[in-house]
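Listing of entry.pdb; format and content: PDB, C-alpha atoms and all ligand atoms.
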ATOM      1  CA  MET A  10      14.537 -51.649 -12.103  1.00  0.00           C
ATOM      2  CA  ILE A  11      11.312 -53.493 -11.382  1.00  0.00           C
ATOM      3  CA  PRO A  12      11.118 -55.750  -8.332  1.00  0.00           C
ATOM      4  CA  ASP A  13      10.229 -59.340  -9.019  1.00  0.00           C
ATOM      5  CA  SER A  14       6.626 -59.593  -7.970  1.00  0.00           C
ATOM      6  CA  THR A  15       6.514 -63.362  -8.325  1.00  0.00           C
ATOM      7  CA  THR A  16       8.458 -63.974  -5.135  1.00  0.00           C
ATOM      8  CA  GLY A  17       6.944 -64.069  -1.677  1.00  0.00           C
ATOM      9  CA  ASP A  18       3.446 -63.023  -0.756  1.00  0.00           C
ATOM     10  CA  ASP A  19       1.644 -60.038  -2.177  1.00  0.00           C
ATOM     11  CA  SER A  20       0.574 -58.535   1.134  1.00  0.00           C
ATOM     12  CA  SER A  21       3.155 -55.753   0.609  1.00  0.00           C
ATOM     13  CA  GLY A  22       4.450 -56.428   4.099  1.00  0.00           C
ATOM     14  CA  ASP A  23       8.027 -56.142   2.934  1.00  0.00           C
ATOM     15  CA  VAL A  24       7.777 -52.415   2.321  1.00  0.00           C
ATOM     16  CA  PRO A  25       7.376 -50.155   5.356  1.00  0.00           C
ATOM     17  CA  ALA A  26       4.337 -47.936   5.067  1.00  0.00           C
ATOM     18  CA  ALA A  27       6.409 -44.866   5.830  1.00  0.00           C
ATOM     19  CA  TYR A  28       8.474 -45.450   2.724  1.00  0.00           C
ATOM     20  CA  ASN A  29       5.592 -44.585   0.454  1.00  0.00           C
ATOM     21  CA  ASP A  30       4.302 -41.024   0.419  1.00  0.00           C
ATOM     22  CA  ILE A  31       1.339 -42.108  -1.645  1.00  0.00           C
ATOM     23  CA  ASP A  32      -0.369 -44.822   0.352  1.00  0.00           C
ATOM     24  CA  GLU A  33      -2.851 -45.899  -2.252  1.00  0.00           C
ATOM     25  CA  PRO A  34      -2.490 -48.153  -5.267  1.00  0.00           C
ATOM     26  CA  CYS A  35      -1.227 -46.345  -8.329  1.00  0.00           C
ATOM     27  CA  TYR A  36       0.231 -46.978 -11.744  1.00  0.00           C
ATOM     28  CA  GLN A  37       3.624 -45.912 -13.020  1.00  0.00           C
ATOM     29  CA  GLN A  38       4.460 -45.329 -16.649  1.00  0.00           C
ATOM     30  CA  LYS A  39       7.542 -47.442 -17.189  1.00  0.00           C
ATOM     31  CA  GLU A  40       9.431 -45.014 -19.410  1.00  0.00           C
ATOM     32  CA  SER A  41       8.486 -41.616 -18.019  1.00  0.00           C
ATOM     33  CA  LYS A  42       8.133 -42.869 -14.404  1.00  0.00           C
ATOM     34  CA  VAL A  43       5.078 -40.642 -14.073  1.00  0.00           C
ATOM     35  CA  LEU A  44       2.581 -41.881 -11.496  1.00  0.00           C
ATOM     36  CA  HIS A  45      -1.121 -42.221 -12.271  1.00  0.00           C
ATOM     37  CA  LEU A  46      -4.130 -43.218 -10.222  1.00  0.00           C
ATOM     38  CA  PRO A  47      -6.531 -45.962 -11.285  1.00  0.00           C
ATOM     39  CA  GLY A  48      -9.803 -44.693 -12.675  1.00  0.00           C
ATOM     40  CA  SER A  49     -13.311 -45.889 -11.982  1.00  0.00           C
ATOM     41  CA  ALA A  50     -13.528 -47.693 -15.310  1.00  0.00           C
ATOM     42  CA  LYS A  51     -11.661 -50.939 -15.850  1.00  0.00           C
ATOM     43  CA  ASP A  52      -8.231 -50.653 -17.470  1.00  0.00           C
ATOM     44  CA  THR A  53      -8.443 -46.886 -17.416  1.00  0.00           C
ATOM     45  CA  LEU A  54      -6.506 -44.340 -15.444  1.00  0.00           C
ATOM     46  CA  LYS A  55      -8.166 -41.500 -13.584  1.00  0.00           C
ATOM     47  CA  CYS A  56      -6.970 -39.065 -16.244  1.00  0.00           C
ATOM     48  CA  GLY A  57      -8.636 -41.131 -18.959  1.00  0.00           C
ATOM     49  CA  ARG A  58      -5.549 -42.832 -20.344  1.00  0.00           C
ATOM     50  CA  ARG A  59      -5.780 -46.548 -21.008  1.00  0.00           C
ATOM     51  CA  ILE A  60      -3.740 -48.861 -18.824  1.00  0.00           C
ATOM     52  CA  THR A  61      -1.401 -50.709 -21.141  1.00  0.00           C
ATOM     53  CA  ALA A  62       1.604 -52.971 -20.717  1.00  0.00           C
ATOM     54  CA  GLY A  63       3.616 -49.785 -20.434  1.00  0.00           C
ATOM     55  CA  TYR A  64       2.341 -49.242 -16.910  1.00  0.00           C
ATOM     56  CA  THR A  65       3.449 -50.944 -13.733  1.00  0.00           C
ATOM     57  CA  PHE A  66       0.861 -51.454 -10.999  1.00  0.00           C
ATOM     58  CA  LEU A  67       2.114 -50.385  -7.587  1.00  0.00           C
ATOM     59  CA  PRO A  68      -0.352 -51.881  -5.060  1.00  0.00           C
ATOM     60  CA  GLY A  69       1.446 -50.415  -2.061  1.00  0.00           C
ATOM     61  CA  GLY A  70       1.629 -46.846  -3.326  1.00  0.00           C
ATOM     62  CA  ALA A  71       4.696 -44.926  -4.339  1.00  0.00           C
ATOM     63  CA  SER A  72       7.145 -42.251  -3.358  1.00  0.00           C
ATOM     64  CA  PHE A  73       6.933 -38.551  -4.181  1.00  0.00           C
ATOM     65  CA  LYS A  74      10.339 -38.794  -5.813  1.00  0.00           C
ATOM     66  CA  TRP A  75       8.497 -39.582  -9.030  1.00  0.00           C
ATOM     67  CA  ALA A  76       6.512 -37.079 -11.019  1.00  0.00           C
ATOM     68  CA  ARG A  77       2.766 -37.304 -10.690  1.00  0.00           C
ATOM     69  CA  CYS A  78       0.137 -36.908 -13.366  1.00  0.00           C
ATOM     70  CA  SER A  79      -1.426 -33.503 -12.792  1.00  0.00           C
ATOM     71  CA  LEU A  80      -4.838 -34.804 -13.803  1.00  0.00           C
ATOM     72  CA  CYS A  81      -4.824 -37.953 -11.699  1.00  0.00           C
ATOM     73  CA  PHE A  82      -3.555 -36.087  -8.641  1.00  0.00           C
ATOM     74  CA  LYS A  83      -5.579 -32.956  -9.245  1.00  0.00           C
ATOM     75  CA  GLY A  84      -6.736 -31.522  -5.938  1.00  0.00           C
ATOM     76  CA  GLN A  85      -4.311 -33.684  -3.991  1.00  0.00           C
ATOM     77  CA  VAL A  86      -1.260 -31.559  -4.642  1.00  0.00           C
ATOM     78  CA  ILE A  87      -0.840 -29.361  -1.615  1.00  0.00           C
ATOM     79  CA  THR A  88      -0.577 -25.703  -2.526  1.00  0.00           C
ATOM     80  CA  THR A  89       2.081 -23.615  -0.887  1.00  0.00           C
ATOM     81  CA  THR A  90      -0.165 -20.605  -0.348  1.00  0.00           C
ATOM     82  CA  ASP A  91      -0.776 -21.284   3.329  1.00  0.00           C
ATOM     83  CA  GLU A  92       2.890 -21.927   3.859  1.00  0.00           C
ATOM     84  CA  LEU A  93       3.749 -18.665   2.156  1.00  0.00           C
ATOM     85  CA  VAL A  94       1.342 -16.751   4.391  1.00  0.00           C
ATOM     86  CA  ASP A  95       2.973 -18.273   7.469  1.00  0.00           C
ATOM     87  CA  VAL A  96       6.445 -17.292   6.304  1.00  0.00           C
ATOM     88  CA  MET A  97       5.380 -13.724   5.543  1.00  0.00           C
ATOM     89  CA  GLY A  98       3.672 -13.469   8.911  1.00  0.00           C
ATOM     90  CA  ALA A  99       6.836 -14.659  10.634  1.00  0.00           C
ATOM     91  CA  ILE A 100       8.925 -12.035   8.829  1.00  0.00           C
ATOM     92  CA  ARG A 101       6.467  -9.306   9.765  1.00  0.00           C
ATOM     93  CA  SER A 102       6.408 -10.239  13.467  1.00  0.00           C
ATOM     94  CA  ARG A 103      10.190 -10.445  13.509  1.00  0.00           C
ATOM     95  CA  ARG A 104      10.438  -6.909  12.140  1.00  0.00           C
ATOM     96  CA  SER A 105       7.951  -5.490  14.644  1.00  0.00           C
ATOM     97  CA  GLN A 106       9.916  -6.956  17.535  1.00  0.00           C
ATOM     98  CA  SER A 107      13.159  -5.168  16.716  1.00  0.00           C
TER      99      SER A 107
HETATM  100 ZN    ZN B   1      -2.896 -39.698 -15.087  1.00  0.00          ZN
END

What would you get if you wrote out this structure as structure tokens?
Ligand SMILES: [Zn+2]
Amino acid sequence: MIPDSTTGDDSSGDVPAAYNDIDEPCYQQKESKVLHLPGSAKDTLKCGRRITAGYTFLPGGASFKWARCSLCFKGQVITTTDELVDVMGAIRSRRSQS
């Protein structure tokens, strides 16, 4: 479902900032729901795809509940390596205490 963007102002004040995990403007492919970031060139996404009528512009960002284009969000996806190290360290210290 696409919200009617013709009503009210476009200051995106009706959506709390905390609702959106991605707090920058992005595009969503209407059918696949995959999120893309705008590229530097006009009418082009960061991954090189052309922005067509099949994309919805989300000026206030979007939620992580949707899949993200791996090319557009390259480098922004947080790796779990550090988290894994922390967990392993916690297990090790727990063992040494017993
Ligand atoms: Zn993309």

- I need the residue set behind the PyMOL selection byres (((not hetatm)) within 12 of (chain B and resi 1)) for this file; please write it as an NGL selection string. :A and (35-38 or 41-48 or 53-60 or 64 or 76-83)

- If you apply the PyMOL selection byres (((chain A and resi 72-74) around 8) and not hetatm) to this file, what residues do you get, as a PyMOL selection string? chain A and resi 28-31+70-71+75-77

- Task: Would you mind reading off the distance between CA of Asp32 (chain A) and CA of Phe66 (chain A), one decimal, in Å?
- Result: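 That distance, rounded to one decimal, is 13.2 Å.
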
- Query: Between CA of Glu40 (chain A) and CA of Gly69 (chain A), what is the distance, to one decimal in Å?
  - Reply: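 These two atoms are separated by 19.8 Å.
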
- Interatomic distance (Å, one decimal) between CA of Lys39 (chain A) and CA of Gly84 (chain A):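 These two atoms are separated by 24.2 Å.
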